[in-house]
Amino acid sequence: MVPQLADAIGESELELEDKIIPLIRFMAAGRNLRQPNHVLSYYHPRVEAGLERIVKGHPGRAARLLGTMVDILISVDSDDWGREAAARLVQGAKKDRVRIRVSPSGA
């Protein structure tokens, strides 16, 4: 799903086109992310904390990009996986008081 999501994000957000997969590879090589199979996870909670700090440091951009991610997860839905992932993303953002700008069709 990661390549499919990366392509969809790149189509929606041209500034990110061709940047997501290299970023994931870079973070995996630096042992910040691990990708043993088709699942991405953090090596350490500090990685998550660092990403959260970036999101909170750029609230407007984060709201737009996280909203785009929600829309894309819903649109590429496969066996409800995308909808469940979108719901978890929105729930986590609310818990951390991070704004998400979701399109009316994705809401």
# chains A, B, ... in the order shown; residues from 1 in each chain; ligands from 1
>>> residues_around(residues="A:Tyr42", least_positions_apart="5", cutoff="7 Å", atoms="only C-alpha atoms", output="PyMOL selection string")
chain A and resi 32-34+47-48
>>> write_last_selection(atoms="N, CA and C atoms", output="JSON list (two decimals), in the first residue's frame")
[["chain", "number", "residue", "atom", "x", "y", "z"],
["A", 32, "ASN", "N", 15.35, 4.87, 11.71],
["A", 32, "ASN", "CA", 14.25, 5.60, 12.35],
["A", 32, "ASN", "C", 12.94, 4.88, 12.11],
["A", 33, "LEU", "N", 12.81, 4.30, 10.92],
["A", 33, "LEU", "CA", 11.65, 3.49, 10.56],
["A", 33, "LEU", "C", 12.14, 2.09, 10.23],
["A", 34, "ARG", "N", 11.27, 1.13, 10.45],
["A", 34, "ARG", "CA", 11.58, -0.22, 9.99],
["A", 34, "ARG", "C", 10.43, -0.68, 9.11],
["A", 47, "VAL", "N", 11.27, 8.78, 17.73],
["A", 47, "VAL", "CA", 11.02, 9.08, 16.31],
["A", 47, "VAL", "C", 9.61, 9.64, 16.16],
["A", 48, "GLU", "N", 8.65, 8.99, 16.79],
["A", 48, "GLU", "CA", 7.27, 9.47, 16.75],
["A", 48, "GLU", "C", 7.19, 10.88, 17.35]]
>>> residues_around(residues="A:Ile100", least_positions_apart="3", cutoff="10 Å", atoms="only C-alpha atoms", output="JSON, numbers by chain")
{"A": [59, 60, 61, 62, 63, 64, 65, 66, 67, 68, 69, 70, 89, 90, 93, 94, 97, 103]}
>>> write_last_selection(atoms="N, CA and C atoms", output="PDB file, in the first residue's frame")
ATOM      1  N   PRO A  59       1.441  23.899  11.810  1.00  0.00           N
ATOM      2  CA  PRO A  59       0.050  23.461  11.937  1.00  0.00           C
ATOM      3  C   PRO A  59      -0.805  23.626  10.679  1.00  0.00           C
ATOM      4  N   GLY A  60      -0.641  24.697   9.941  1.00  0.00           N
ATOM      5  CA  GLY A  60      -1.450  24.897   8.735  1.00  0.00           C
ATOM      6  C   GLY A  60      -1.131  23.881   7.658  1.00  0.00           C
ATOM      7  N   ARG A  61       0.140  23.711   7.396  1.00  0.00           N
ATOM      8  CA  ARG A  61       0.571  22.741   6.380  1.00  0.00           C
ATOM      9  C   ARG A  61       0.212  21.324   6.809  1.00  0.00           C
ATOM     10  N   ALA A  62       0.402  21.031   8.087  1.00  0.00           N
ATOM     11  CA  ALA A  62       0.064  19.702   8.601  1.00  0.00           C
ATOM     12  C   ALA A  62      -1.426  19.426   8.458  1.00  0.00           C
ATOM     13  N   ALA A  63      -2.262  20.413   8.757  1.00  0.00           N
ATOM     14  CA  ALA A  63      -3.712  20.229   8.629  1.00  0.00           C
ATOM     15  C   ALA A  63      -4.085  19.884   7.196  1.00  0.00           C
ATOM     16  N   ARG A  64      -3.479  20.578   6.257  1.00  0.00           N
ATOM     17  CA  ARG A  64      -3.771  20.339   4.838  1.00  0.00           C
ATOM     18  C   ARG A  64      -3.267  18.965   4.395  1.00  0.00           C
ATOM     19  N   LEU A  65      -2.021  18.626   4.743  1.00  0.00           N
ATOM     20  CA  LEU A  65      -1.446  17.357   4.291  1.00  0.00           C
ATOM     21  C   LEU A  65      -2.077  16.150   4.990  1.00  0.00           C
ATOM     22  N   LEU A  66      -2.383  16.283   6.273  1.00  0.00           N
ATOM     23  CA  LEU A  66      -3.057  15.179   6.968  1.00  0.00           C
ATOM     24  C   LEU A  66      -4.472  14.988   6.421  1.00  0.00           C
ATOM     25  N   GLY A  67      -5.133  16.082   6.086  1.00  0.00           N
ATOM     26  CA  GLY A  67      -6.452  15.981   5.463  1.00  0.00           C
ATOM     27  C   GLY A  67      -6.376  15.292   4.110  1.00  0.00           C
ATOM     28  N   THR A  68      -5.340  15.616   3.352  1.00  0.00           N
ATOM     29  CA  THR A  68      -5.124  14.943   2.069  1.00  0.00           C
ATOM     30  C   THR A  68      -4.915  13.450   2.285  1.00  0.00           C
ATOM     31  N   MET A  69      -4.158  13.104   3.319  1.00  0.00           N
ATOM     32  CA  MET A  69      -3.910  11.689   3.616  1.00  0.00           C
ATOM     33  C   MET A  69      -5.214  10.976   3.976  1.00  0.00           C
ATOM     34  N   VAL A  70      -6.073  11.625   4.750  1.00  0.00           N
ATOM     35  CA  VAL A  70      -7.375  11.036   5.094  1.00  0.00           C
ATOM     36  C   VAL A  70      -8.188  10.803   3.819  1.00  0.00           C
ATOM     37  N   LEU A  89      -6.238   7.884  12.063  1.00  0.00           N
ATOM     38  CA  LEU A  89      -5.476   9.119  11.874  1.00  0.00           C
ATOM     39  C   LEU A  89      -6.226  10.308  12.459  1.00  0.00           C
ATOM     40  N   VAL A  90      -7.516  10.406  12.169  1.00  0.00           N
ATOM     41  CA  VAL A  90      -8.329  11.511  12.693  1.00  0.00           C
ATOM     42  C   VAL A  90      -8.408  11.421  14.213  1.00  0.00           C
ATOM     43  N   ALA A  93      -5.121  12.490  15.747  1.00  0.00           N
ATOM     44  CA  ALA A  93      -4.932  13.935  15.622  1.00  0.00           C
ATOM     45  C   ALA A  93      -5.776  14.683  16.651  1.00  0.00           C
ATOM     46  N   LYS A  94      -7.020  14.238  16.841  1.00  0.00           N
ATOM     47  CA  LYS A  94      -7.883  14.882  17.846  1.00  0.00           C
ATOM     48  C   LYS A  94      -7.283  14.735  19.238  1.00  0.00           C
ATOM     49  N   ARG A  97      -4.622  17.091  19.628  1.00  0.00           N
ATOM     50  CA  ARG A  97      -5.073  18.457  19.314  1.00  0.00           C
ATOM     51  C   ARG A  97      -4.408  19.016  18.058  1.00  0.00           C
ATOM     52  N   SER A 103     -11.613  17.130   3.162  1.00  0.00           N
ATOM     53  CA  SER A 103     -12.563  17.622   2.167  1.00  0.00           C
ATOM     54  C   SER A 103     -13.974  17.183   2.542  1.00  0.00           C
TER      55      SER A 103
END
>>> residues_around(residues="stretch 21-24 of chain A", least_positions_apart="2", cutoff="10 Å", atoms="only C-alpha atoms", output="count of residues only")
19
>>> select_by_dssp(residues="chain A", states="alpha helix (DSSP H)", output="ChimeraX atom specification")
/A:2-12,20-29,45-57,59-75,81-95
>>> closest_residue(among="A:Arg101, A:Arg31, A:Arg25, A:Arg88", to="A:Arg46", atoms="only C-alpha atoms")
A:Arg31
>>> closest_residue(among="A:Met1, A:Leu14, A:Asn37, A:Asp96", to="A:Val55", atoms="only C-alpha atoms")
A:Asp96
>>> closest_residue(among="A:Glu11, A:Asp79, A:Asp71, A:Glu84", to="A:Val102", atoms="only C-alpha atoms")
A:Asp71
>>> atom_distance(atom1="atom CA of A:His44", atom2="atom CA of A:Ala86")
23.1 Å
>>> atom_distance(atom1="atom CA of A:Ser41", atom2="atom CA of A:Gly82")
17.1 Å
>>> atom_distance(atom1="atom CA of A:Glu15", atom2="atom CA of A:Ala87")
25.2 Å
>>> select_by_dssp(residues="stretch 1-69 of chain A", states="strand (DSSP E or B)", output="list in words")
Leu33, Arg34, Ser41 and Tyr42 of chain A
>>> write_last_selection(atoms="all heavy atoms", output="short mmCIF file (atom, residue, chain, number, x, y, z; two decimals), in the first residue's frame")
data_model
loop_
_atom_site.label_atom_id
_atom_site.label_comp_id
_atom_site.auth_asym_id
_atom_site.auth_seq_id
_atom_site.Cartn_x
_atom_site.Cartn_y
_atom_site.Cartn_z
N LEU A 33 12.81 4.30 10.92
CA LEU A 33 11.65 3.49 10.56
C LEU A 33 12.14 2.09 10.23
O LEU A 33 13.26 1.91 9.78
CB LEU A 33 10.93 4.04 9.33
CG LEU A 33 10.22 5.36 9.44
CD1 LEU A 33 9.62 5.74 8.09
CD2 LEU A 33 9.13 5.32 10.50
N ARG A 34 11.27 1.13 10.45
CA ARG A 34 11.58 -0.22 9.99
C ARG A 34 10.43 -0.68 9.11
O ARG A 34 9.27 -0.31 9.33
CB ARG A 34 11.84 -1.17 11.14
CG ARG A 34 10.71 -1.33 12.09
CD ARG A 34 11.07 -2.27 13.22
NE ARG A 34 10.23 -1.91 14.34
CZ ARG A 34 10.49 -2.17 15.58
NH1 ARG A 34 11.57 -2.81 15.88
NH2 ARG A 34 9.68 -1.80 16.52
N SER A 41 6.92 0.89 10.81
CA SER A 41 6.79 1.16 12.25
C SER A 41 8.03 1.93 12.70
O SER A 41 9.02 2.02 12.00
CB SER A 41 6.64 -0.14 13.04
OG SER A 41 7.76 -0.97 12.85
N TYR A 42 7.94 2.49 13.91
CA TYR A 42 9.05 3.26 14.48
C TYR A 42 9.98 2.32 15.22
O TYR A 42 9.56 1.36 15.83
CB TYR A 42 8.54 4.29 15.49
CG TYR A 42 7.50 5.23 14.97
CD1 TYR A 42 6.20 5.20 15.44
CD2 TYR A 42 7.82 6.16 13.99
CE1 TYR A 42 5.25 6.07 14.96
CE2 TYR A 42 6.87 7.03 13.51
CZ TYR A 42 5.59 6.97 14.00
OH TYR A 42 4.65 7.83 13.52
#
>>> decode(residues="stretch 33-78 of chain A", atoms="N, CA and C atoms", output="PDB file, in the first residue's frame")
ATOM      1  N   LEU A  33      12.810   4.302  10.920  1.00  0.00           N
ATOM      2  CA  LEU A  33      11.647   3.487  10.564  1.00  0.00           C
ATOM      3  C   LEU A  33      12.141   2.090  10.234  1.00  0.00           C
ATOM      4  N   ARG A  34      11.272   1.133  10.454  1.00  0.00           N
ATOM      5  CA  ARG A  34      11.581  -0.216   9.986  1.00  0.00           C
ATOM      6  C   ARG A  34      10.428  -0.675   9.112  1.00  0.00           C
ATOM      7  N   GLN A  35      10.793  -1.453   8.118  1.00  0.00           N
ATOM      8  CA  GLN A  35       9.817  -1.953   7.174  1.00  0.00           C
ATOM      9  C   GLN A  35      10.163  -3.407   6.851  1.00  0.00           C
ATOM     10  N   PRO A  36       9.920  -4.317   7.834  1.00  0.00           N
ATOM     11  CA  PRO A  36      10.294  -5.714   7.601  1.00  0.00           C
ATOM     12  C   PRO A  36       9.481  -6.381   6.500  1.00  0.00           C
ATOM     13  N   ASN A  37       8.228  -6.048   6.380  1.00  0.00           N
ATOM     14  CA  ASN A  37       7.358  -6.598   5.338  1.00  0.00           C
ATOM     15  C   ASN A  37       6.716  -5.437   4.617  1.00  0.00           C
ATOM     16  N   HIS A  38       5.411  -5.343   4.731  1.00  0.00           N
ATOM     17  CA  HIS A  38       4.680  -4.232   4.121  1.00  0.00           C
ATOM     18  C   HIS A  38       4.197  -3.252   5.179  1.00  0.00           C
ATOM     19  N   VAL A  39       4.729  -3.356   6.389  1.00  0.00           N
ATOM     20  CA  VAL A  39       4.285  -2.529   7.503  1.00  0.00           C
ATOM     21  C   VAL A  39       5.419  -1.590   7.901  1.00  0.00           C
ATOM     22  N   LEU A  40       5.090  -0.316   8.066  1.00  0.00           N
ATOM     23  CA  LEU A  40       6.058   0.652   8.572  1.00  0.00           C
ATOM     24  C   LEU A  40       5.831   0.834  10.067  1.00  0.00           C
ATOM     25  N   SER A  41       6.916   0.889  10.814  1.00  0.00           N
ATOM     26  CA  SER A  41       6.795   1.163  12.249  1.00  0.00           C
ATOM     27  C   SER A  41       8.028   1.933  12.702  1.00  0.00           C
ATOM     28  N   TYR A  42       7.941   2.492  13.908  1.00  0.00           N
ATOM     29  CA  TYR A  42       9.047   3.261  14.475  1.00  0.00           C
ATOM     30  C   TYR A  42       9.983   2.322  15.218  1.00  0.00           C
ATOM     31  N   TYR A  43      11.268   2.639  15.189  1.00  0.00           N
ATOM     32  CA  TYR A  43      12.221   1.900  16.000  1.00  0.00           C
ATOM     33  C   TYR A  43      12.136   2.328  17.457  1.00  0.00           C
ATOM     34  N   HIS A  44      11.821   3.596  17.670  1.00  0.00           N
ATOM     35  CA  HIS A  44      11.846   4.138  19.029  1.00  0.00           C
ATOM     36  C   HIS A  44      10.789   5.226  19.158  1.00  0.00           C
ATOM     37  N   PRO A  45      10.173   5.369  20.342  1.00  0.00           N
ATOM     38  CA  PRO A  45       9.158   6.419  20.530  1.00  0.00           C
ATOM     39  C   PRO A  45       9.669   7.832  20.251  1.00  0.00           C
ATOM     40  N   ARG A  46      10.962   8.050  20.353  1.00  0.00           N
ATOM     41  CA  ARG A  46      11.499   9.388  20.070  1.00  0.00           C
ATOM     42  C   ARG A  46      11.304   9.777  18.610  1.00  0.00           C
ATOM     43  N   VAL A  47      11.267   8.783  17.726  1.00  0.00           N
ATOM     44  CA  VAL A  47      11.023   9.079  16.314  1.00  0.00           C
ATOM     45  C   VAL A  47       9.612   9.643  16.163  1.00  0.00           C
ATOM     46  N   GLU A  48       8.651   8.991  16.787  1.00  0.00           N
ATOM     47  CA  GLU A  48       7.272   9.475  16.750  1.00  0.00           C
ATOM     48  C   GLU A  48       7.187  10.876  17.352  1.00  0.00           C
ATOM     49  N   ALA A  49       7.876  11.090  18.464  1.00  0.00           N
ATOM     50  CA  ALA A  49       7.855  12.404  19.112  1.00  0.00           C
ATOM     51  C   ALA A  49       8.439  13.475  18.187  1.00  0.00           C
ATOM     52  N   GLY A  50       9.495  13.127  17.461  1.00  0.00           N
ATOM     53  CA  GLY A  50      10.092  14.073  16.524  1.00  0.00           C
ATOM     54  C   GLY A  50       9.150  14.428  15.391  1.00  0.00           C
ATOM     55  N   LEU A  51       8.454  13.428  14.864  1.00  0.00           N
ATOM     56  CA  LEU A  51       7.483  13.685  13.802  1.00  0.00           C
ATOM     57  C   LEU A  51       6.319  14.519  14.319  1.00  0.00           C
ATOM     58  N   GLU A  52       5.886  14.247  15.542  1.00  0.00           N
ATOM     59  CA  GLU A  52       4.813  15.051  16.142  1.00  0.00           C
ATOM     60  C   GLU A  52       5.251  16.499  16.312  1.00  0.00           C
ATOM     61  N   ARG A  53       6.496  16.708  16.685  1.00  0.00           N
ATOM     62  CA  ARG A  53       7.014  18.067  16.858  1.00  0.00           C
ATOM     63  C   ARG A  53       6.994  18.820  15.522  1.00  0.00           C
ATOM     64  N   ILE A  54       7.336  18.132  14.451  1.00  0.00           N
ATOM     65  CA  ILE A  54       7.302  18.759  13.120  1.00  0.00           C
ATOM     66  C   ILE A  54       5.875  19.148  12.762  1.00  0.00           C
ATOM     67  N   VAL A  55       4.930  18.244  13.002  1.00  0.00           N
ATOM     68  CA  VAL A  55       3.516  18.518  12.695  1.00  0.00           C
ATOM     69  C   VAL A  55       3.029  19.721  13.490  1.00  0.00           C
ATOM     70  N   LYS A  56       3.344  19.750  14.767  1.00  0.00           N
ATOM     71  CA  LYS A  56       2.884  20.856  15.613  1.00  0.00           C
ATOM     72  C   LYS A  56       3.602  22.170  15.292  1.00  0.00           C
ATOM     73  N   GLY A  57       4.803  22.077  14.729  1.00  0.00           N
ATOM     74  CA  GLY A  57       5.548  23.279  14.351  1.00  0.00           C
ATOM     75  C   GLY A  57       5.059  23.915  13.063  1.00  0.00           C
ATOM     76  N   HIS A  58       4.287  23.164  12.278  1.00  0.00           N
ATOM     77  CA  HIS A  58       3.750  23.656  11.008  1.00  0.00           C
ATOM     78  C   HIS A  58       2.267  23.302  10.941  1.00  0.00           C
ATOM     79  N   PRO A  59       1.441  23.899  11.810  1.00  0.00           N
ATOM     80  CA  PRO A  59       0.050  23.461  11.937  1.00  0.00           C
ATOM     81  C   PRO A  59      -0.805  23.626  10.679  1.00  0.00           C
ATOM     82  N   GLY A  60      -0.641  24.697   9.941  1.00  0.00           N
ATOM     83  CA  GLY A  60      -1.450  24.897   8.735  1.00  0.00           C
ATOM     84  C   GLY A  60      -1.131  23.881   7.658  1.00  0.00           C
ATOM     85  N   ARG A  61       0.140  23.711   7.396  1.00  0.00           N
ATOM     86  CA  ARG A  61       0.571  22.741   6.380  1.00  0.00           C
ATOM     87  C   ARG A  61       0.212  21.324   6.809  1.00  0.00           C
ATOM     88  N   ALA A  62       0.402  21.031   8.087  1.00  0.00           N
ATOM     89  CA  ALA A  62       0.064  19.702   8.601  1.00  0.00           C
ATOM     90  C   ALA A  62      -1.426  19.426   8.458  1.00  0.00           C
ATOM     91  N   ALA A  63      -2.262  20.413   8.757  1.00  0.00           N
ATOM     92  CA  ALA A  63      -3.712  20.229   8.629  1.00  0.00           C
ATOM     93  C   ALA A  63      -4.085  19.884   7.196  1.00  0.00           C
ATOM     94  N   ARG A  64      -3.479  20.578   6.257  1.00  0.00           N
ATOM     95  CA  ARG A  64      -3.771  20.339   4.838  1.00  0.00           C
ATOM     96  C   ARG A  64      -3.267  18.965   4.395  1.00  0.00           C
ATOM     97  N   LEU A  65      -2.021  18.626   4.743  1.00  0.00           N
ATOM     98  CA  LEU A  65      -1.446  17.357   4.291  1.00  0.00           C
ATOM     99  C   LEU A  65      -2.077  16.150   4.990  1.00  0.00           C
ATOM    100  N   LEU A  66      -2.383  16.283   6.273  1.00  0.00           N
ATOM    101  CA  LEU A  66      -3.057  15.179   6.968  1.00  0.00           C
ATOM    102  C   LEU A  66      -4.472  14.988   6.421  1.00  0.00           C
ATOM    103  N   GLY A  67      -5.133  16.082   6.086  1.00  0.00           N
ATOM    104  CA  GLY A  67      -6.452  15.981   5.463  1.00  0.00           C
ATOM    105  C   GLY A  67      -6.376  15.292   4.110  1.00  0.00           C
ATOM    106  N   THR A  68      -5.340  15.616   3.352  1.00  0.00           N
ATOM    107  CA  THR A  68      -5.124  14.943   2.069  1.00  0.00           C
ATOM    108  C   THR A  68      -4.915  13.450   2.285  1.00  0.00           C
ATOM    109  N   MET A  69      -4.158  13.104   3.319  1.00  0.00           N
ATOM    110  CA  MET A  69      -3.910  11.689   3.616  1.00  0.00           C
ATOM    111  C   MET A  69      -5.214  10.976   3.976  1.00  0.00           C
ATOM    112  N   VAL A  70      -6.073  11.625   4.750  1.00  0.00           N
ATOM    113  CA  VAL A  70      -7.375  11.036   5.094  1.00  0.00           C
ATOM    114  C   VAL A  70      -8.188  10.803   3.819  1.00  0.00           C
ATOM    115  N   ASP A  71      -8.256  11.809   2.962  1.00  0.00           N
ATOM    116  CA  ASP A  71      -9.002  11.675   1.705  1.00  0.00           C
ATOM    117  C   ASP A  71      -8.462  10.520   0.866  1.00  0.00           C
ATOM    118  N   ILE A  72      -7.150  10.416   0.778  1.00  0.00           N
ATOM    119  CA  ILE A  72      -6.529   9.359  -0.031  1.00  0.00           C
ATOM    120  C   ILE A  72      -6.775   7.995   0.579  1.00  0.00           C
ATOM    121  N   LEU A  73      -6.647   7.875   1.891  1.00  0.00           N
ATOM    122  CA  LEU A  73      -6.901   6.585   2.544  1.00  0.00           C
ATOM    123  C   LEU A  73      -8.329   6.112   2.274  1.00  0.00           C
ATOM    124  N   ILE A  74      -9.261   7.038   2.301  1.00  0.00           N
ATOM    125  CA  ILE A  74     -10.657   6.673   2.033  1.00  0.00           C
ATOM    126  C   ILE A  74     -10.824   6.286   0.560  1.00  0.00           C
ATOM    127  N   SER A  75     -10.158   6.999  -0.331  1.00  0.00           N
ATOM    128  CA  SER A  75     -10.341   6.735  -1.763  1.00  0.00           C
ATOM    129  C   SER A  75      -9.684   5.435  -2.226  1.00  0.00           C
ATOM    130  N   VAL A  76      -8.609   5.004  -1.572  1.00  0.00           N
ATOM    131  CA  VAL A  76      -7.941   3.756  -1.976  1.00  0.00           C
ATOM    132  C   VAL A  76      -8.406   2.588  -1.114  1.00  0.00           C
ATOM    133  N   ASP A  77      -9.518   2.779  -0.442  1.00  0.00           N
ATOM    134  CA  ASP A  77     -10.034   1.793   0.501  1.00  0.00           C
ATOM    135  C   ASP A  77     -10.061   0.391  -0.098  1.00  0.00           C
ATOM    136  N   SER A  78      -9.455  -0.518   0.625  1.00  0.00           N
ATOM    137  CA  SER A  78      -9.440  -1.923   0.224  1.00  0.00           C
ATOM    138  C   SER A  78      -9.865  -2.744   1.434  1.00  0.00           C
TER     139      SER A  78
END
